[in-house]
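J.: Below you will find the structure I want to go over with you.
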Amino acid sequence: MNKTTEKVRQTLAKRYRSEKRFRAFGIASITLGLLALVILFTDIIGKGHSAFIEHRVTLEVSFDADVLQISDVNDADQVTYGNYIAAIRAAMSEQFPEVQNRSERKQLNGLISSSAEFELRDMLRADHSLLGQSRTVSLQLDDAADLFFKASPGKRDGVRVTDLQKSWLLTLEERDLVTSGFNQSLFTRGDSREPEQAGMLGAILGSLFTMMVTLVLSFPIGVAAAIYLEEFAPKNKFTDFIEVNINNLAAVPSIIFGLLGVSIFIGLFGMPRSIPLVGGIVLTLMTLPTIIISSRAAIKAVPPSIRQAAMGLGASNMQVVLHHVLPLALPGMLTGAIIGMAQALGETAPLLMIGMVAFIVELPAGPVDPATVLPVQIFLWAGSPEQAFVALTSAAIMVLLAFLITMNTIAVLLRKRLERRW
Amino acid sequence: MQTGNLLMLLAVMIAVAYFLGHVRATGLARPLGGIRHLHSLPFYFSMRSALWCALPALLVMGVWLAFDDSIIRSMVLDTLPADIAPADESTRNLMISQIQNVASGALPPSFVDPQVAAAAERLSRMQATNAMAVTVVVLVLAIFGGAWAWLKVSPEMRARQQVEKVLQWMFMLCATLAILTTVGIVASVLFESIHFFGRVPFMDFMFGLQWSPQTALRADQVAAQGAFGAVPLFVGTLLISLIALLVAVPVGLMSAIYLAEYAHPKVRSFAKPALEVLAGVPTVVYGFFAALTVAPFIRELGESIGLSVSSESALAAGLVMGVMIIPFVSSLADDVITAVPQSLRDGSLGLGATHSETIKQVILPAALPGIMGGILLAASRAIGETMIVVMAAGLAANLTVNPLEAVTTITVQIVTLLTGDQEFDSAKTLAAFALGLMLFITTLAMNVLALHIVKKYREQYD
């Protein structure tokens with residue numbers, strides 16, 4: 001046995017140990033990455049699932065004309081400005097007749113959401129014959145009371161309700177007056193300062209309009225640019241310059257696009273702030289590089305034999321591209337566009353710059369109405385001090401992630417179904 | 001007429017022009033004995049009419065609508081009598097919004113100066129005239145364009161070439177939009193930055209150690225002049241990015257090595273997309289996670305071992321940002337590792353090296369330039385990342401390298417300086433653009449360098 005072999009033998013165990021260690025590091029890093037993903041998702045779902053449920057209290061409310069201060073039910077003004085709060089207060093003190101003290105009554109009335117009076121008003125509006133009758137109505141609870149019922153019995157001490165309120169809530173629960181159900185206002189209302197009334201429909205609509213503008217602008221422009229660069233552009237300095245620009249724009253931080261939007265579109269062109277149209281234009285500029293790059297890849301994938309066949313039959317360059325190359329490359333382009341849209345849907349920073357962070361209660365009706373978008377809504381809610389907004393934020397994140405996962409799944413399916421391998 | 005309705009009407013006119021062009025071309029062809037006697041297919045004649053109808057009208061309309069608001073506004077302001085005419089930029093903006101509110105009916109005219117009310121009146125009158133003029137001009141252009149194209153149709157006309165040329169020009173314009181965007185970015189940040197450096201010396205900005213952008217509203221206030229020394233922001237940005245890279249580079253690189261060299265194809269086909277999900281999660285979600293889960297966790301952990309940790313510590317933001325950029329590092333590293341030729345591996349293994357020795361001593365050195373490029377790209381991501389730091393890092397500019405304290409970054413300051421402010425002329429808002437310029441230059445340089453390194457490396461084995 002020569003010296004080298006001996007040396008190798010001696011160190012072999014050590015080298016194998018180091019080999020094992022190296023592999024273990026690799027496995028550990030992948031586990032770490034995947035663990036981060038799992039923790040992120042479980043944390044968000046754990047925080048957010050409770051926001052999809054809300055608690056209501058069932059009370060016997062009497063639509064008494066004197067209490068509501070409505071003498072003529074056909075007078076729309078009177079119905080609008082009726083004293084519905086008094087009716088709710090009366091119903092609550094019916095449940096707790098022992099509460100007389102003024103500050104205690106204030107606490108008691110604080111258990112019901114301030115939106116409850118509007119629910120009663122809408123009922124009376126819909127049915128004038130209600131006046132003078134009493135009905136069993138389920139009313140929305142205030143966010144603190146709602147949180148109290150959502151918390152597990154051991155954690156109820158952490159909720160911000162007074163001891164008195166706690167005892168009343170427990171009594172209501174014992175009397176079987178508290179019901180839980182799906183939180184509809186989450187998907188039917190706009191933003192609100194009151195967590196129990198806040199919904200994300202406004203933000204979803206805002207996102208929808210913004211995405212519509214982005215899609216309508218970025219897809220045709222991106223495809224046209226890709227066609228030019230792949231099929232028509234002469235090989236010269238100008239074309240190179242365009243390509244360098246596209247590659248660099250793909251890596252420019254998104255907030256810079258926000259600066260562009262605020263100084264060019266809002267400052268120079270005088271477009272209004274906070275509207276989905278401007279947001280969509282800014283996001284278009286941001287997603288264009290992605291769409292151009294993926295569209296070019298799709299065009300490149302079309303084999304030259306198709307082009308040659310078409311040219312052999314006498315088609316012009318433009319006819320070859322529009323009649324043959326484009327239809328074959330379209331599935332790949334669509335996949336790229338969907339991925340670009342998903343990226344734009346999750347984008348927040350540039351929209352903060354152009355003022356889509358305003359607090360907007362009304363639902364937007366079109367791309368020129370002030371609106372916010374889903375990620376910005378998440379940002380706004382995350383900064384709100386009320387405890388209940390944590391769950392709402394997580395719920396909004398879940399909805400946003402659901403949209404993104406759907407879009408990406410569609411992209412993957414589309415690629416599998418339509419993309420042809422040559 | 002409203003823009004939407006005008007566009008709709010224009011679309012109808014274009015369709016009509018298309019149809020008429022078709023009728024005319026086939027009509028001309030019939031006495032000659034069929035469309036084979038036309039130079040081009042009838043489709044190209046009709047397309048030509050439609051383009052003539054659409055392009056001039058749309059072009060004029062676009063330019064008009066882009067500038068009409070600002071022109072009308074300045075015309076209205078110019079008609080204001082000298083005694084209430086606004087003197088500087090901010091009162092000018094205030095006056096404009098007041099006039100606009102009166103004109104739109106949001107503010108009753110009795111609430112404001114009668115002169116302003118009169119200006120509002122003028123504004124609404126001019127807006128009405130403007131809308132009318134736009135409608136008339138656009139429609140006349142569309143009609144004339146369409147009619148011109150229709151009259152010119154003849155069997156010998158080279159309609160296909162004309163249409164194809166226009167299309168090609170349009171495609172080229174779309175491609176040059178990338179240049180326009182870059183020019184727009186550079187122009188917007190550069191001009192405002194030049195304004196800013198006119199007020200705050202460049203050297204003070206680059207090397208000043210104090211950042212407190214709150215300029216005073218009144219001259220006699222304490223700290224009447226804000227301090228614009230950006231060093232604390234640069235240090236904060238670098239600190240958070242460094243923490244992020246310390247997480248992302250080892251984890252991302254080792255994941256890529258394992259997935260490319262060791263993993264069973266089944267594991268790879270599951271783990272690679274799963275890791276890439278991390279890159280698809282919106283940054284605002286990471287921000288929320290950092291601010292509400294990771295930061296309190298680190299704070300409690302620090303307190304349990306007797307360290308005082310800020311609730312907006314750089315560590316929390318950096319860790320979460322690191323998780324976000326793991327997939328950037330891993331997928332780029334994966335690409336370059338798989339691009340290393342198999343012969344290098346075979347050679348090393350044939351000499352008796354273990355797998356890990358092959359990786360460490362042959363593959364990684366060969367892939368190093370590509371990996372460096374990937375790390376640079378990841379670093380430029382980290383520097384430009386906004387939402388995580390806006391939500392999880394601090395606002396106060398501390399000059400510190402202690403990761404347990406709160407620091408602020410360039411992007412955080414851009415967001416806080418610009419959100420909610422309407423005017424562009426205060427040093428405070430201009431500072432945001434100067435910071436944006438720094439950010440743009442830094443990330444651009446890093447990207448160019450990274451792409452250069454990657455490109456140079458790729459040429460070696462081709």
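In the structure tokens, chains take letters A, B, ... by order of appearance, with residues numbered from 1 within each chain and ligands from 1 in the order shown.
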Can you pull out the residues contacting segment 1-13 of chain B? Cut-off 7 Å, using only C-alpha atoms, and skip same-chain residues under 2 positions away; I want them as a list in words.

T.: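 Here the answer would be Ala15, Val16, Ala17, Ala131, Met132 and Thr135 of chain B.
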
J.: Which is closer to Phe45 of chain B than all the others in B:Ala432, B:Ala263, B:Val415, B:Met157, using only C-alpha atoms?

T.: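 Nearest to Phe45 of chain B: B:Met157.
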
J.: Just the number, please: distance in Å from atom CA of Leu139 of chain A to atom CA of Val57 of chain A, one decimal.

T.: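 Taking atom CA of Leu139 of chain A and atom CA of Val57 of chain A, their separation equals 5.3 Å.
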
J.: Residues near Phe269 of chain A, anyone? I mean within 10 Å using only C-alpha atoms, not counting same-chain ones fewer than 4 positions away, as a PyMOL selection string.

T.: (chain A and resi 262-265) or (chain B and resi 65-71)

J.: Using C-alpha atoms, can you write the selected residues to a file as a compact mmCIF listing (two decimals), in the first residue's frame?

T.:
# COMPACT_ATOMS: atom_id res chain seq x y z
CA VAL A 262 -46.65 61.82 -8.54
CA SER A 263 -44.47 64.25 -10.46
CA ILE A 264 -45.50 63.50 -14.06
CA PHE A 265 -49.12 62.36 -14.00
CA LEU B 65 -56.65 66.17 -22.58
CA ALA B 66 -53.18 65.84 -21.10
CA PHE B 67 -52.66 69.57 -20.92
CA ASP B 68 -56.07 71.26 -20.91
CA ASP B 69 -56.53 71.22 -17.12
CA SER B 70 -53.29 72.97 -16.31
CA ILE B 71 -53.74 75.52 -19.12

J.: I'd like to know which of A:Lys300, A:Met92, A:Phe22, A:Lys3 is closest to Ser356 of chain B, using only C-alpha atoms.

T.: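 Once distances to Ser356 of chain B are computed over only C-alpha atoms, the minimum belongs to A:Phe22.
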
J.: If I take atom CA of Ser394 of chain A and atom CA of Val373 of chain A, how far is one from the other in Å, to one decimal?

T.: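 We find that atom CA of Ser394 of chain A and atom CA of Val373 of chain A lie 15.3 Å from each other.
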
J.: Which residues come within 9 Å of segment 200-205 of chain B, counting only C-alpha atoms, excluding same-chain residues fewer than 6 positions away, as a PyMOL selection string?

T.: chain B and resi 227-231+427

J.: Restricting the output to C-alpha atoms, write the selected residues as a PDB file, in the first residue's frame.

T.:
ATOM      1  CA  ALA B 227     -31.809  69.262   8.929  1.00  0.00           C
ATOM      2  CA  PHE B 228     -31.287  67.197   5.794  1.00  0.00           C
ATOM      3  CA  GLY B 229     -28.221  65.092   6.454  1.00  0.00           C
ATOM      4  CA  ALA B 230     -28.935  61.737   4.878  1.00  0.00           C
ATOM      5  CA  VAL B 231     -26.132  59.672   6.438  1.00  0.00           C
ATOM      6  CA  ALA B 427     -37.869  71.396   1.028  1.00  0.00           C
TER       7      ALA B 427
END

J.: Write down as a list in words the residues belonging to segment 127-304 of chain B that are assigned strand (DSSP E or B) by DSSP computed on the backbone.

T.: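 Put together, the selection reads Trp211, Ser212, Ala227 and Phe228 of chain B.
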
J.: Enter the distance from atom CA of Met407 of chain A to atom CA of Ile204 of chain A, in Å, rounded to one decimal.

T.: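 According to the coordinates, atom CA of Met407 of chain A and atom CA of Ile204 of chain A are separated by 15.0 Å.
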
J.: Mind checking which residues fall within 9 Å of segment 280-290 of chain B, counting only C-alpha atoms, ignoring those fewer than 2 positions away in the same chain, and posting them as a PyMOL selection string?

T.: (chain A and resi 40+43-44+342-343+345-349+375-376+378-379+382+393-394+397+400-401+404) or (chain B and resi 276-278+292-296+316-317+319-321+324+385-392)

J.: Keeping C-alpha atoms for every residue in the selection just given, could you write it to a file as an mmCIF file, in the first residue's frame?

T.:
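Produced file part_29.cif, reproduced below:
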data_model
loop_
_atom_site.group_PDB
_atom_site.id
_atom_site.type_symbol
_atom_site.label_atom_id
_atom_site.label_comp_id
_atom_site.auth_asym_id
_atom_site.auth_seq_id
_atom_site.Cartn_x
_atom_site.Cartn_y
_atom_site.Cartn_z
ATOM 1 C CA LEU A 40 -46.231 33.050 7.727
ATOM 2 C CA ASP A 43 -49.825 33.101 11.594
ATOM 3 C CA ILE A 44 -52.026 34.991 9.147
ATOM 4 C CA ALA A 342 -50.486 39.198 -9.965
ATOM 5 C CA GLN A 343 -47.348 41.206 -9.286
ATOM 6 C CA LEU A 345 -52.143 43.350 -7.652
ATOM 7 C CA GLY A 346 -49.849 42.904 -4.664
ATOM 8 C CA GLU A 347 -48.027 46.191 -5.179
ATOM 9 C CA THR A 348 -48.419 48.874 -2.521
ATOM 10 C CA ALA A 349 -45.603 51.401 -2.479
ATOM 11 C CA PRO A 375 -52.847 45.934 -0.399
ATOM 12 C CA VAL A 376 -53.171 49.579 0.615
ATOM 13 C CA ILE A 378 -54.157 46.108 4.425
ATOM 14 C CA PHE A 379 -51.535 48.768 5.107
ATOM 15 C CA ALA A 382 -52.466 47.363 9.953
ATOM 16 C CA THR A 393 -56.094 42.964 8.336
ATOM 17 C CA SER A 394 -55.313 39.268 8.367
ATOM 18 C CA ILE A 397 -54.485 39.437 3.522
ATOM 19 C CA LEU A 400 -55.554 39.046 -1.332
ATOM 20 C CA LEU A 401 -53.531 35.832 -1.182
ATOM 21 C CA LEU A 404 -52.999 35.823 -6.102
ATOM 22 C CA GLU B 276 -40.714 30.610 -4.983
ATOM 23 C CA VAL B 277 -44.084 31.207 -3.327
ATOM 24 C CA LEU B 278 -42.090 33.320 -0.873
ATOM 25 C CA LEU B 292 -47.112 42.250 14.426
ATOM 26 C CA THR B 293 -45.439 38.870 14.843
ATOM 27 C CA VAL B 294 -41.674 38.964 14.420
ATOM 28 C CA ALA B 295 -40.935 42.304 16.110
ATOM 29 C CA PRO B 296 -42.871 41.520 19.330
ATOM 30 C CA ALA B 316 -37.120 42.257 12.769
ATOM 31 C CA ALA B 317 -37.416 44.149 9.487
ATOM 32 C CA LEU B 319 -35.006 39.105 9.130
ATOM 33 C CA VAL B 320 -38.336 39.251 7.348
ATOM 34 C CA MET B 321 -36.808 40.993 4.359
ATOM 35 C CA MET B 324 -38.487 37.591 1.218
ATOM 36 C CA GLU B 385 -37.831 47.384 -0.669
ATOM 37 C CA THR B 386 -40.441 49.665 0.817
ATOM 38 C CA MET B 387 -43.443 48.162 2.544
ATOM 39 C CA ILE B 388 -41.624 45.912 5.029
ATOM 40 C CA VAL B 389 -39.572 48.788 6.364
ATOM 41 C CA VAL B 390 -42.447 51.269 6.273
ATOM 42 C CA MET B 391 -44.457 48.977 8.500
ATOM 43 C CA ALA B 392 -41.759 47.423 10.663
#
